[in-house]
Amino acid sequence: MSGAGKKGAPEALIVKGKRLDGRALDEFRPIKTEVGVVQQAQGSAVFDFGETHALSAVYGPRPMHPKGLQEPTRAILRCKYFMAPFATWERSRPGISRRSTEISKVITDALSQVVFLDDFPKTVIDVFMEILQADASTRCAGLNAASIALAEAGIPMKDLISCTSVGKVDGKLVLDVGGAEDNFGEVDMAVATVGGSDRFVLLQTDGIITKEEFAELLEMGQSGCTEIYKKQKAVLKNKYKTSQKENYITESRSDSAKGE
């Protein structure tokens with residue numbers, strides 16, 4: 001619903017074609033991502049949309065216990081989304097909530113479309129996502145981080161999943177919904193695609209829009225996912241290029257020492 005009349009709502013979210021944070025309608029907030037941030041995990045990553053910070057860690061594949069819960073022909077993918085109690089201005093109650101359960105399920109459904117679960121029978125792959133700071137688009141940031149973490153863990157996948165939010169604010173269609181826009185805008189929609197393509201694996205809409213607006217938001221979301229996909233690939237390539245270079249230097253030094 002529109003923010004007009006809501007307590008604390010700004011007079012306008014878009015002024016002279018610019019959003020409150022100075023962005024254009026089709027512009028992302030600053031995106032930052034890092035891989036390999038949790039040493040104890042098989043794979044881990046951080047993904048940020050502006051002031052929304054998401055951390056993901058992957059453990060597995062490992063034997064599923066108790067054995068009665070094992071799937072004989074495939075692995076079980078368990079995705080857990082949490083929001084830290086200190087992630088928002090108002091401290092939230094720690095632990096599982098209805099919202100975290102719902103988001104965990106939709107992220108599990110999305111990632112199940114790309115992970116080769118049949119390669120690891122009788123095992124479990126645990127994917128944890130923690131929102132350290134929330135300023136809207138948290139499920140998108142969490143899913144992007146989880147996808148990178150799975151790749152870093154070496155889990156076979158068809159491709160990465162990329163996710164962004166789009167919405168309608170002050171009657172205008174926008175990319176990457178921010179905090180005030182999420183609270184006081186008319187529509188918020190999460191879009192996720194495989195490899196930046198037109199294959200959608202997550203689509204959630206909150207609000208009322210016309211068929212024409214929906215089609216335009218879908219196109220905007222796909223284009224945004226393509227940009228995120230490029231950044232996901234870049235951070236992974238950069239990490240492994242660096243690792244290969246470090247290994248080469250170490251091996252070269254070892255060979256030199258042997259020759260002395």
# chains A, B, ... in the order shown; residues from 1 in each chain; ligands from 1
>>> select_by_dssp(residues="stretch 13-106 of chain A", states="strand (DSSP E or B)", output="ChimeraX atom specification")
/A:14-15,18-19,31-35,43-49,52-63,76-83
>>> write_last_selection(atoms="N, CA and C atoms", output="short mmCIF file (atom, residue, chain, number, x, y, z; two decimals), in the first residue's frame")
data_model
loop_
_atom_site.label_atom_id
_atom_site.label_comp_id
_atom_site.auth_asym_id
_atom_site.auth_seq_id
_atom_site.Cartn_x
_atom_site.Cartn_y
_atom_site.Cartn_z
N ILE A 14 10.10 9.95 -4.23
CA ILE A 14 10.79 10.30 -5.47
C ILE A 14 10.61 11.80 -5.70
N VAL A 15 11.73 12.50 -5.82
CA VAL A 15 11.71 13.95 -6.01
C VAL A 15 12.53 14.29 -7.25
N LYS A 18 14.50 11.51 -8.81
CA LYS A 18 15.50 10.85 -7.99
C LYS A 18 14.87 10.31 -6.72
N ARG A 19 15.38 9.19 -6.26
CA ARG A 19 14.91 8.60 -5.02
C ARG A 19 15.57 9.29 -3.82
N ILE A 31 26.70 -2.34 -4.36
CA ILE A 31 26.72 -3.79 -4.13
C ILE A 31 28.14 -4.19 -3.75
N LYS A 32 28.24 -4.91 -2.64
CA LYS A 32 29.54 -5.44 -2.20
C LYS A 32 29.38 -6.93 -1.93
N THR A 33 30.36 -7.70 -2.34
CA THR A 33 30.31 -9.13 -2.08
C THR A 33 31.72 -9.65 -1.82
N GLU A 34 31.80 -10.65 -0.97
CA GLU A 34 33.08 -11.25 -0.60
C GLU A 34 32.87 -12.74 -0.39
N VAL A 35 33.88 -13.52 -0.71
CA VAL A 35 33.75 -14.97 -0.61
C VAL A 35 34.81 -15.52 0.33
N GLY A 43 31.91 -23.48 2.45
CA GLY A 43 31.80 -22.33 1.57
C GLY A 43 31.09 -21.21 2.30
N SER A 44 31.43 -19.96 2.00
CA SER A 44 30.77 -18.84 2.68
C SER A 44 30.90 -17.59 1.83
N ALA A 45 29.99 -16.66 2.06
CA ALA A 45 30.01 -15.42 1.28
C ALA A 45 29.22 -14.34 2.01
N VAL A 46 29.56 -13.10 1.69
CA VAL A 46 28.82 -11.93 2.14
C VAL A 46 28.27 -11.23 0.90
N PHE A 47 27.02 -10.76 0.98
CA PHE A 47 26.45 -10.00 -0.12
C PHE A 47 25.68 -8.83 0.48
N ASP A 48 25.98 -7.62 -0.02
CA ASP A 48 25.37 -6.40 0.51
C ASP A 48 24.65 -5.62 -0.58
N PHE A 49 23.44 -5.17 -0.28
CA PHE A 49 22.77 -4.12 -1.04
C PHE A 49 22.78 -2.88 -0.15
N THR A 52 21.96 -3.22 3.59
CA THR A 52 21.49 -4.58 3.86
C THR A 52 22.67 -5.53 3.72
N HIS A 53 23.04 -6.20 4.81
CA HIS A 53 24.22 -7.06 4.84
C HIS A 53 23.79 -8.50 5.15
N ALA A 54 24.13 -9.41 4.24
CA ALA A 54 23.78 -10.82 4.42
C ALA A 54 25.04 -11.68 4.42
N LEU A 55 25.09 -12.63 5.34
CA LEU A 55 26.19 -13.59 5.44
C LEU A 55 25.63 -14.99 5.26
N SER A 56 26.29 -15.80 4.44
CA SER A 56 25.85 -17.19 4.24
C SER A 56 27.01 -18.14 4.44
N ALA A 57 26.74 -19.30 5.04
CA ALA A 57 27.74 -20.34 5.23
C ALA A 57 27.13 -21.69 4.87
N VAL A 58 27.92 -22.52 4.20
CA VAL A 58 27.46 -23.83 3.73
C VAL A 58 28.28 -24.94 4.39
N TYR A 59 27.59 -25.96 4.86
CA TYR A 59 28.23 -27.12 5.49
C TYR A 59 27.69 -28.38 4.80
N GLY A 60 28.61 -29.23 4.35
CA GLY A 60 28.19 -30.45 3.69
C GLY A 60 28.72 -30.51 2.26
N PRO A 61 28.34 -31.60 1.57
CA PRO A 61 27.45 -32.69 2.00
C PRO A 61 28.08 -33.50 3.13
N ARG A 62 27.25 -33.88 4.10
CA ARG A 62 27.69 -34.71 5.21
C ARG A 62 26.58 -35.70 5.53
N PRO A 63 26.91 -36.81 6.20
CA PRO A 63 25.90 -37.84 6.47
C PRO A 63 24.70 -37.25 7.22
N ILE A 76 19.52 -34.02 1.00
CA ILE A 76 18.50 -33.11 1.50
C ILE A 76 19.14 -31.73 1.61
N LEU A 77 18.48 -30.74 1.06
CA LEU A 77 18.96 -29.36 1.13
C LEU A 77 18.19 -28.63 2.21
N ARG A 78 18.89 -28.16 3.23
CA ARG A 78 18.25 -27.42 4.33
C ARG A 78 18.77 -25.99 4.33
N CYS A 79 17.88 -25.06 4.04
CA CYS A 79 18.24 -23.64 4.03
C CYS A 79 17.58 -22.95 5.22
N LYS A 80 18.36 -22.23 5.98
CA LYS A 80 17.85 -21.54 7.17
C LYS A 80 18.19 -20.06 7.08
N TYR A 81 17.15 -19.25 7.02
CA TYR A 81 17.29 -17.79 6.97
C TYR A 81 16.97 -17.23 8.35
N PHE A 82 17.86 -16.40 8.85
CA PHE A 82 17.65 -15.76 10.14
C PHE A 82 17.95 -14.27 10.02
N MET A 83 17.28 -13.50 10.84
CA MET A 83 17.61 -12.08 10.95
C MET A 83 18.12 -11.81 12.36
#
>>> closest_atom_pairs(of="stretch 188-232 of chain A", to="stretch 117-136 of chain A", cutoff="12 Å", atoms="only C-alpha atoms", output="JSON lines")
{"residue": "A:Asp188", "atom": "CA", "partner": "A:Ala136", "partner_atom": "CA", "distance": 9.7}
{"residue": "A:Met189", "atom": "CA", "partner": "A:Ala136", "partner_atom": "CA", "distance": 11.2}
{"residue": "A:Ala190", "atom": "CA", "partner": "A:Ala136", "partner_atom": "CA", "distance": 10.8}
>>> write_last_selection(atoms="N, CA and C atoms", output="short mmCIF file (atom, residue, chain, number, x, y, z; two decimals), in the first residue's frame")
data_model
loop_
_atom_site.label_atom_id
_atom_site.label_comp_id
_atom_site.auth_asym_id
_atom_site.auth_seq_id
_atom_site.Cartn_x
_atom_site.Cartn_y
_atom_site.Cartn_z
N ASP A 188 6.23 -4.26 -3.71
CA ASP A 188 7.57 -4.82 -3.54
C ASP A 188 7.55 -6.22 -4.15
N MET A 189 8.49 -6.53 -5.05
CA MET A 189 8.51 -7.83 -5.70
C MET A 189 9.93 -8.37 -5.74
N ALA A 190 10.11 -9.62 -5.30
CA ALA A 190 11.40 -10.30 -5.35
C ALA A 190 11.44 -11.18 -6.59
#
>>> atom_distance(atom1="atom CA of A:Glu213", atom2="atom CA of A:Arg23")
20.5 Å
>>> closest_residue(among="A:Val166, A:Ser197, A:Ala12, A:Ala84", to="A:Ser137", atoms="only C-alpha atoms")
A:Val166
>>> select_by_dssp(residues="stretch 70-117 of chain A", states="helix (DSSP H, G or I)", output="PDB file with C-alpha atoms, in the first residue's frame")
ATOM      1  CA  ARG A  98       6.871 -17.243  10.811  1.00  0.00           C
ATOM      2  CA  ARG A  99       8.628 -14.870   8.408  1.00  0.00           C
ATOM      3  CA  SER A 100      12.002 -16.628   8.640  1.00  0.00           C
ATOM      4  CA  THR A 101      10.313 -19.999   8.103  1.00  0.00           C
ATOM      5  CA  GLU A 102       8.551 -18.718   4.974  1.00  0.00           C
ATOM      6  CA  ILE A 103      11.703 -17.168   3.523  1.00  0.00           C
ATOM      7  CA  SER A 104      13.736 -20.299   4.326  1.00  0.00           C
ATOM      8  CA  LYS A 105      11.231 -22.372   2.361  1.00  0.00           C
ATOM      9  CA  VAL A 106      11.165 -20.199  -0.761  1.00  0.00           C
ATOM     10  CA  ILE A 107      14.978 -20.024  -0.819  1.00  0.00           C
ATOM     11  CA  THR A 108      15.184 -23.814  -0.429  1.00  0.00           C
ATOM     12  CA  ASP A 109      12.764 -24.241  -3.322  1.00  0.00           C
ATOM     13  CA  ALA A 110      14.811 -21.859  -5.481  1.00  0.00           C
ATOM     14  CA  LEU A 111      18.210 -23.437  -4.778  1.00  0.00           C
ATOM     15  CA  LEU A 117      21.148 -33.285  -5.130  1.00  0.00           C
TER      16      LEU A 117
END
>>> residues_around(residues="A:Asp198", least_positions_apart="2", cutoff="12 Å", atoms="only C-alpha atoms", output="PyMOL selection string")
chain A and resi 161-162+191-196+200-202+218-226
>>> write_last_selection(atoms="N, CA and C atoms", output="PDB file, in the first residue's frame")
ATOM      1  N   ILE A 161      22.277 -18.708  -8.840  1.00  0.00           N
ATOM      2  CA  ILE A 161      20.994 -18.012  -8.797  1.00  0.00           C
ATOM      3  C   ILE A 161      21.251 -16.576  -8.376  1.00  0.00           C
ATOM      4  N   SER A 162      20.617 -15.653  -9.082  1.00  0.00           N
ATOM      5  CA  SER A 162      20.748 -14.226  -8.793  1.00  0.00           C
ATOM      6  C   SER A 162      19.371 -13.670  -8.473  1.00  0.00           C
ATOM      7  N   VAL A 191      12.542 -11.084  -7.343  1.00  0.00           N
ATOM      8  CA  VAL A 191      12.706 -11.836  -8.588  1.00  0.00           C
ATOM      9  C   VAL A 191      14.054 -12.542  -8.549  1.00  0.00           C
ATOM     10  N   ALA A 192      14.072 -13.846  -8.859  1.00  0.00           N
ATOM     11  CA  ALA A 192      15.328 -14.586  -8.919  1.00  0.00           C
ATOM     12  C   ALA A 192      15.371 -15.404 -10.198  1.00  0.00           C
ATOM     13  N   THR A 193      16.522 -15.412 -10.848  1.00  0.00           N
ATOM     14  CA  THR A 193      16.701 -16.157 -12.089  1.00  0.00           C
ATOM     15  C   THR A 193      17.938 -17.035 -12.009  1.00  0.00           C
ATOM     16  N   VAL A 194      18.017 -18.003 -12.909  1.00  0.00           N
ATOM     17  CA  VAL A 194      19.178 -18.884 -13.014  1.00  0.00           C
ATOM     18  C   VAL A 194      20.144 -18.291 -14.038  1.00  0.00           C
ATOM     19  N   GLY A 195      21.347 -17.992 -13.589  1.00  0.00           N
ATOM     20  CA  GLY A 195      22.377 -17.514 -14.500  1.00  0.00           C
ATOM     21  C   GLY A 195      22.035 -16.238 -15.238  1.00  0.00           C
ATOM     22  N   GLY A 196      21.203 -15.383 -14.652  1.00  0.00           N
ATOM     23  CA  GLY A 196      20.841 -14.145 -15.308  1.00  0.00           C
ATOM     24  C   GLY A 196      19.978 -14.334 -16.541  1.00  0.00           C
ATOM     25  N   PHE A 200      12.969 -18.153 -14.306  1.00  0.00           N
ATOM     26  CA  PHE A 200      12.685 -17.620 -12.980  1.00  0.00           C
ATOM     27  C   PHE A 200      12.470 -18.753 -11.986  1.00  0.00           C
ATOM     28  N   VAL A 201      13.103 -18.621 -10.812  1.00  0.00           N
ATOM     29  CA  VAL A 201      12.950 -19.645  -9.777  1.00  0.00           C
ATOM     30  C   VAL A 201      12.359 -19.078  -8.487  1.00  0.00           C
ATOM     31  N   LEU A 202      12.168 -17.766  -8.435  1.00  0.00           N
ATOM     32  CA  LEU A 202      11.508 -17.137  -7.299  1.00  0.00           C
ATOM     33  C   LEU A 202      10.796 -15.890  -7.788  1.00  0.00           C
ATOM     34  N   LEU A 218       8.944  -7.355 -14.306  1.00  0.00           N
ATOM     35  CA  LEU A 218       9.600  -8.636 -14.557  1.00  0.00           C
ATOM     36  C   LEU A 218      10.825  -8.434 -15.444  1.00  0.00           C
ATOM     37  N   GLU A 219      10.679  -7.610 -16.465  1.00  0.00           N
ATOM     38  CA  GLU A 219      11.808  -7.319 -17.354  1.00  0.00           C
ATOM     39  C   GLU A 219      12.905  -6.570 -16.607  1.00  0.00           C
ATOM     40  N   MET A 220      12.506  -5.609 -15.771  1.00  0.00           N
ATOM     41  CA  MET A 220      13.478  -4.867 -14.970  1.00  0.00           C
ATOM     42  C   MET A 220      14.206  -5.786 -13.997  1.00  0.00           C
ATOM     43  N   GLY A 221      13.456  -6.720 -13.387  1.00  0.00           N
ATOM     44  CA  GLY A 221      14.049  -7.664 -12.457  1.00  0.00           C
ATOM     45  C   GLY A 221      15.037  -8.593 -13.135  1.00  0.00           C
ATOM     46  N   GLN A 222      14.682  -9.091 -14.326  1.00  0.00           N
ATOM     47  CA  GLN A 222      15.587  -9.978 -15.059  1.00  0.00           C
ATOM     48  C   GLN A 222      16.875  -9.257 -15.421  1.00  0.00           C
ATOM     49  N   SER A 223      16.753  -8.015 -15.868  1.00  0.00           N
ATOM     50  CA  SER A 223      17.934  -7.230 -16.205  1.00  0.00           C
ATOM     51  C   SER A 223      18.810  -7.014 -14.968  1.00  0.00           C
ATOM     52  N   GLY A 224      18.161  -6.742 -13.815  1.00  0.00           N
ATOM     53  CA  GLY A 224      18.903  -6.566 -12.575  1.00  0.00           C
ATOM     54  C   GLY A 224      19.613  -7.838 -12.153  1.00  0.00           C
ATOM     55  N   CYS A 225      18.941  -8.976 -12.315  1.00  0.00           N
ATOM     56  CA  CYS A 225      19.551 -10.265 -11.969  1.00  0.00           C
ATOM     57  C   CYS A 225      20.787 -10.537 -12.836  1.00  0.00           C
ATOM     58  N   THR A 226      20.737 -10.118 -14.092  1.00  0.00           N
ATOM     59  CA  THR A 226      21.888 -10.290 -14.978  1.00  0.00           C
ATOM     60  C   THR A 226      23.093  -9.518 -14.454  1.00  0.00           C
TER      61      THR A 226
END
>>> atom_distance(atom1="atom CA of A:Phe28", atom2="atom CA of A:Val177")
8.6 Å
>>> residues_around(residues="A:Leu236", least_positions_apart="5", cutoff="9 Å", atoms="only C-alpha atoms", output="list in words")
Glu34, Val35, Ile148, Ala151, Glu152, Lys231 and Lys241 of chain A
>>> closest_residue(among="A:Met64, A:Ile228, A:Leu150, A:Ala141", to="A:Gly50", atoms="only C-alpha atoms")
A:Ala141
>>> decode(residues="stretch 4-153 of chain A", atoms="C-alpha atoms", output="PDB file, in the first residue's frame")
ATOM      1  CA  ALA A   4       0.656   8.342   2.263  1.00  0.00           C
ATOM      2  CA  GLY A   5      -0.800   8.948   5.685  1.00  0.00           C
ATOM      3  CA  LYS A   6       1.357   6.354   7.450  1.00  0.00           C
ATOM      4  CA  LYS A   7       3.156   7.401  10.599  1.00  0.00           C
ATOM      5  CA  GLY A   8       6.689   8.517   9.808  1.00  0.00           C
ATOM      6  CA  ALA A   9       6.112   8.461   6.053  1.00  0.00           C
ATOM      7  CA  PRO A  10       8.119  11.017   4.048  1.00  0.00           C
ATOM      8  CA  GLU A  11       6.169  13.508   1.956  1.00  0.00           C
ATOM      9  CA  ALA A  12       7.604  11.961  -1.212  1.00  0.00           C
ATOM     10  CA  LEU A  13       9.881   9.035  -2.009  1.00  0.00           C
ATOM     11  CA  ILE A  14      10.790  10.303  -5.465  1.00  0.00           C
ATOM     12  CA  VAL A  15      11.707  13.950  -6.011  1.00  0.00           C
ATOM     13  CA  LYS A  16      12.553  15.322  -9.470  1.00  0.00           C
ATOM     14  CA  GLY A  17      13.128  11.836 -10.808  1.00  0.00           C
ATOM     15  CA  LYS A  18      15.502  10.847  -7.987  1.00  0.00           C
ATOM     16  CA  ARG A  19      14.909   8.599  -5.016  1.00  0.00           C
ATOM     17  CA  LEU A  20      15.593   9.693  -1.436  1.00  0.00           C
ATOM     18  CA  ASP A  21      19.112   8.221  -1.524  1.00  0.00           C
ATOM     19  CA  GLY A  22      19.885   9.972  -4.817  1.00  0.00           C
ATOM     20  CA  ARG A  23      19.522   6.923  -7.050  1.00  0.00           C
ATOM     21  CA  ALA A  24      17.885   6.820 -10.453  1.00  0.00           C
ATOM     22  CA  LEU A  25      14.779   4.640 -10.766  1.00  0.00           C
ATOM     23  CA  ASP A  26      16.732   1.770 -12.377  1.00  0.00           C
ATOM     24  CA  GLU A  27      19.869   2.033 -10.237  1.00  0.00           C
ATOM     25  CA  PHE A  28      21.165  -0.385  -7.593  1.00  0.00           C
ATOM     26  CA  ARG A  29      22.448   0.649  -4.220  1.00  0.00           C
ATOM     27  CA  PRO A  30      26.208  -0.024  -3.847  1.00  0.00           C
ATOM     28  CA  ILE A  31      26.721  -3.792  -4.130  1.00  0.00           C
ATOM     29  CA  LYS A  32      29.536  -5.436  -2.197  1.00  0.00           C
ATOM     30  CA  THR A  33      30.312  -9.131  -2.075  1.00  0.00           C
ATOM     31  CA  GLU A  34      33.083 -11.253  -0.603  1.00  0.00           C
ATOM     32  CA  VAL A  35      33.747 -14.975  -0.608  1.00  0.00           C
ATOM     33  CA  GLY A  36      35.451 -17.291   1.897  1.00  0.00           C
ATOM     34  CA  VAL A  37      34.681 -15.304   5.040  1.00  0.00           C
ATOM     35  CA  VAL A  38      33.930 -18.203   7.423  1.00  0.00           C
ATOM     36  CA  GLN A  39      36.916 -20.519   7.774  1.00  0.00           C
ATOM     37  CA  GLN A  40      34.990 -23.339   9.467  1.00  0.00           C
ATOM     38  CA  ALA A  41      32.480 -23.628   6.616  1.00  0.00           C
ATOM     39  CA  GLN A  42      32.914 -25.498   3.330  1.00  0.00           C
ATOM     40  CA  GLY A  43      31.802 -22.328   1.571  1.00  0.00           C
ATOM     41  CA  SER A  44      30.775 -18.839   2.681  1.00  0.00           C
ATOM     42  CA  ALA A  45      30.013 -15.415   1.285  1.00  0.00           C
ATOM     43  CA  VAL A  46      28.818 -11.927   2.136  1.00  0.00           C
ATOM     44  CA  PHE A  47      26.446 -10.002  -0.118  1.00  0.00           C
ATOM     45  CA  ASP A  48      25.368  -6.400   0.512  1.00  0.00           C
ATOM     46  CA  PHE A  49      22.771  -4.123  -1.039  1.00  0.00           C
ATOM     47  CA  GLY A  50      23.713  -0.769   0.473  1.00  0.00           C
ATOM     48  CA  GLU A  51      22.972  -1.078   4.183  1.00  0.00           C
ATOM     49  CA  THR A  52      21.494  -4.584   3.857  1.00  0.00           C
ATOM     50  CA  HIS A  53      24.219  -7.057   4.844  1.00  0.00           C
ATOM     51  CA  ALA A  54      23.781 -10.823   4.417  1.00  0.00           C
ATOM     52  CA  LEU A  55      26.192 -13.590   5.439  1.00  0.00           C
ATOM     53  CA  SER A  56      25.846 -17.188   4.244  1.00  0.00           C
ATOM     54  CA  ALA A  57      27.740 -20.341   5.231  1.00  0.00           C
ATOM     55  CA  VAL A  58      27.461 -23.833   3.727  1.00  0.00           C
ATOM     56  CA  TYR A  59      28.225 -27.124   5.486  1.00  0.00           C
ATOM     57  CA  GLY A  60      28.194 -30.450   3.687  1.00  0.00           C
ATOM     58  CA  PRO A  61      27.449 -32.687   2.004  1.00  0.00           C
ATOM     59  CA  ARG A  62      27.689 -34.714   5.212  1.00  0.00           C
ATOM     60  CA  PRO A  63      25.896 -37.836   6.470  1.00  0.00           C
ATOM     61  CA  MET A  64      22.290 -37.171   7.417  1.00  0.00           C
ATOM     62  CA  HIS A  65      21.408 -38.022  11.023  1.00  0.00           C
ATOM     63  CA  PRO A  66      19.247 -39.584  12.217  1.00  0.00           C
ATOM     64  CA  LYS A  67      19.433 -42.137   9.425  1.00  0.00           C
ATOM     65  CA  GLY A  68      15.660 -42.403   9.347  1.00  0.00           C
ATOM     66  CA  LEU A  69      15.550 -38.957   7.713  1.00  0.00           C
ATOM     67  CA  GLN A  70      17.941 -39.879   4.911  1.00  0.00           C
ATOM     68  CA  GLU A  71      16.838 -39.869   1.292  1.00  0.00           C
ATOM     69  CA  PRO A  72      18.312 -43.008  -0.360  1.00  0.00           C
ATOM     70  CA  THR A  73      18.711 -41.433  -3.821  1.00  0.00           C
ATOM     71  CA  ARG A  74      19.552 -37.787  -3.140  1.00  0.00           C
ATOM     72  CA  ALA A  75      20.772 -35.238  -0.658  1.00  0.00           C
ATOM     73  CA  ILE A  76      18.503 -33.111   1.500  1.00  0.00           C
ATOM     74  CA  LEU A  77      18.964 -29.362   1.128  1.00  0.00           C
ATOM     75  CA  ARG A  78      18.251 -27.421   4.327  1.00  0.00           C
ATOM     76  CA  CYS A  79      18.241 -23.642   4.035  1.00  0.00           C
ATOM     77  CA  LYS A  80      17.855 -21.538   7.166  1.00  0.00           C
ATOM     78  CA  TYR A  81      17.289 -17.790   6.973  1.00  0.00           C
ATOM     79  CA  PHE A  82      17.648 -15.757  10.145  1.00  0.00           C
ATOM     80  CA  MET A  83      17.608 -12.079  10.949  1.00  0.00           C
ATOM     81  CA  ALA A  84      19.892 -10.967  13.757  1.00  0.00           C
ATOM     82  CA  PRO A  85      18.023  -9.318  16.665  1.00  0.00           C
ATOM     83  CA  PHE A  86      20.122  -6.181  16.128  1.00  0.00           C
ATOM     84  CA  ALA A  87      19.558  -6.042  12.331  1.00  0.00           C
ATOM     85  CA  THR A  88      16.857  -3.358  12.492  1.00  0.00           C
ATOM     86  CA  TRP A  89      16.206  -0.201  14.527  1.00  0.00           C
ATOM     87  CA  GLU A  90      13.813  -2.122  16.757  1.00  0.00           C
ATOM     88  CA  ARG A  91      15.326  -5.190  18.376  1.00  0.00           C
ATOM     89  CA  SER A  92      13.528  -8.300  17.131  1.00  0.00           C
ATOM     90  CA  ARG A  93      12.961 -11.482  19.043  1.00  0.00           C
ATOM     91  CA  PRO A  94      15.788 -13.976  18.368  1.00  0.00           C
ATOM     92  CA  GLY A  95      15.106 -17.402  16.915  1.00  0.00           C
ATOM     93  CA  ILE A  96      12.708 -18.800  14.331  1.00  0.00           C
ATOM     94  CA  SER A  97       9.695 -16.744  13.291  1.00  0.00           C
ATOM     95  CA  ARG A  98       6.871 -17.243  10.811  1.00  0.00           C
ATOM     96  CA  ARG A  99       8.628 -14.870   8.408  1.00  0.00           C
ATOM     97  CA  SER A 100      12.002 -16.628   8.640  1.00  0.00           C
ATOM     98  CA  THR A 101      10.313 -19.999   8.103  1.00  0.00           C
ATOM     99  CA  GLU A 102       8.551 -18.718   4.974  1.00  0.00           C
ATOM    100  CA  ILE A 103      11.703 -17.168   3.523  1.00  0.00           C
ATOM    101  CA  SER A 104      13.736 -20.299   4.326  1.00  0.00           C
ATOM    102  CA  LYS A 105      11.231 -22.372   2.361  1.00  0.00           C
ATOM    103  CA  VAL A 106      11.165 -20.199  -0.761  1.00  0.00           C
ATOM    104  CA  ILE A 107      14.978 -20.024  -0.819  1.00  0.00           C
ATOM    105  CA  THR A 108      15.184 -23.814  -0.429  1.00  0.00           C
ATOM    106  CA  ASP A 109      12.764 -24.241  -3.322  1.00  0.00           C
ATOM    107  CA  ALA A 110      14.811 -21.859  -5.481  1.00  0.00           C
ATOM    108  CA  LEU A 111      18.210 -23.437  -4.778  1.00  0.00           C
ATOM    109  CA  SER A 112      16.797 -26.945  -5.233  1.00  0.00           C
ATOM    110  CA  GLN A 113      16.295 -26.045  -8.897  1.00  0.00           C
ATOM    111  CA  VAL A 114      20.047 -25.789  -9.524  1.00  0.00           C
ATOM    112  CA  VAL A 115      21.849 -28.016  -6.986  1.00  0.00           C
ATOM    113  CA  PHE A 116      22.599 -31.573  -8.188  1.00  0.00           C
ATOM    114  CA  LEU A 117      21.148 -33.285  -5.130  1.00  0.00           C
ATOM    115  CA  ASP A 118      21.187 -36.695  -6.847  1.00  0.00           C
ATOM    116  CA  ASP A 119      24.992 -36.693  -6.651  1.00  0.00           C
ATOM    117  CA  PHE A 120      24.987 -37.054  -2.856  1.00  0.00           C
ATOM    118  CA  PRO A 121      22.499 -39.698  -1.640  1.00  0.00           C
ATOM    119  CA  LYS A 122      21.888 -40.100   2.091  1.00  0.00           C
ATOM    120  CA  THR A 123      23.501 -36.758   2.913  1.00  0.00           C
ATOM    121  CA  VAL A 124      22.456 -33.269   3.949  1.00  0.00           C
ATOM    122  CA  ILE A 125      23.641 -29.879   2.730  1.00  0.00           C
ATOM    123  CA  ASP A 126      23.034 -27.083   5.228  1.00  0.00           C
ATOM    124  CA  VAL A 127      22.867 -23.500   4.001  1.00  0.00           C
ATOM    125  CA  PHE A 128      22.665 -20.801   6.669  1.00  0.00           C
ATOM    126  CA  MET A 129      21.852 -17.159   5.915  1.00  0.00           C
ATOM    127  CA  GLU A 130      22.156 -14.488   8.595  1.00  0.00           C
ATOM    128  CA  ILE A 131      20.972 -10.936   7.969  1.00  0.00           C
ATOM    129  CA  LEU A 132      23.363  -8.795   9.988  1.00  0.00           C
ATOM    130  CA  GLN A 133      21.758  -5.503   9.000  1.00  0.00           C
ATOM    131  CA  ALA A 134      18.420  -4.991   7.270  1.00  0.00           C
ATOM    132  CA  ASP A 135      17.387  -2.174   4.966  1.00  0.00           C
ATOM    133  CA  ALA A 136      14.941  -4.084   2.706  1.00  0.00           C
ATOM    134  CA  SER A 137      15.627  -6.772   0.064  1.00  0.00           C
ATOM    135  CA  THR A 138      16.981  -9.123   2.735  1.00  0.00           C
ATOM    136  CA  ARG A 139      15.768 -12.353   1.102  1.00  0.00           C
ATOM    137  CA  CYS A 140      17.421 -11.253  -2.142  1.00  0.00           C
ATOM    138  CA  ALA A 141      20.749 -10.541  -0.429  1.00  0.00           C
ATOM    139  CA  GLY A 142      20.538 -13.826   1.497  1.00  0.00           C
ATOM    140  CA  LEU A 143      19.844 -15.862  -1.636  1.00  0.00           C
ATOM    141  CA  ASN A 144      22.676 -14.182  -3.552  1.00  0.00           C
ATOM    142  CA  ALA A 145      25.105 -14.894  -0.719  1.00  0.00           C
ATOM    143  CA  ALA A 146      23.904 -18.507  -0.436  1.00  0.00           C
ATOM    144  CA  SER A 147      24.401 -19.117  -4.145  1.00  0.00           C
ATOM    145  CA  ILE A 148      27.992 -17.852  -3.994  1.00  0.00           C
ATOM    146  CA  ALA A 149      28.687 -19.868  -0.831  1.00  0.00           C
ATOM    147  CA  LEU A 150      27.429 -23.080  -2.477  1.00  0.00           C
ATOM    148  CA  ALA A 151      29.740 -22.483  -5.433  1.00  0.00           C
ATOM    149  CA  GLU A 152      32.695 -21.843  -3.130  1.00  0.00           C
ATOM    150  CA  ALA A 153      31.886 -25.063  -1.265  1.00  0.00           C
TER     151      ALA A 153
END
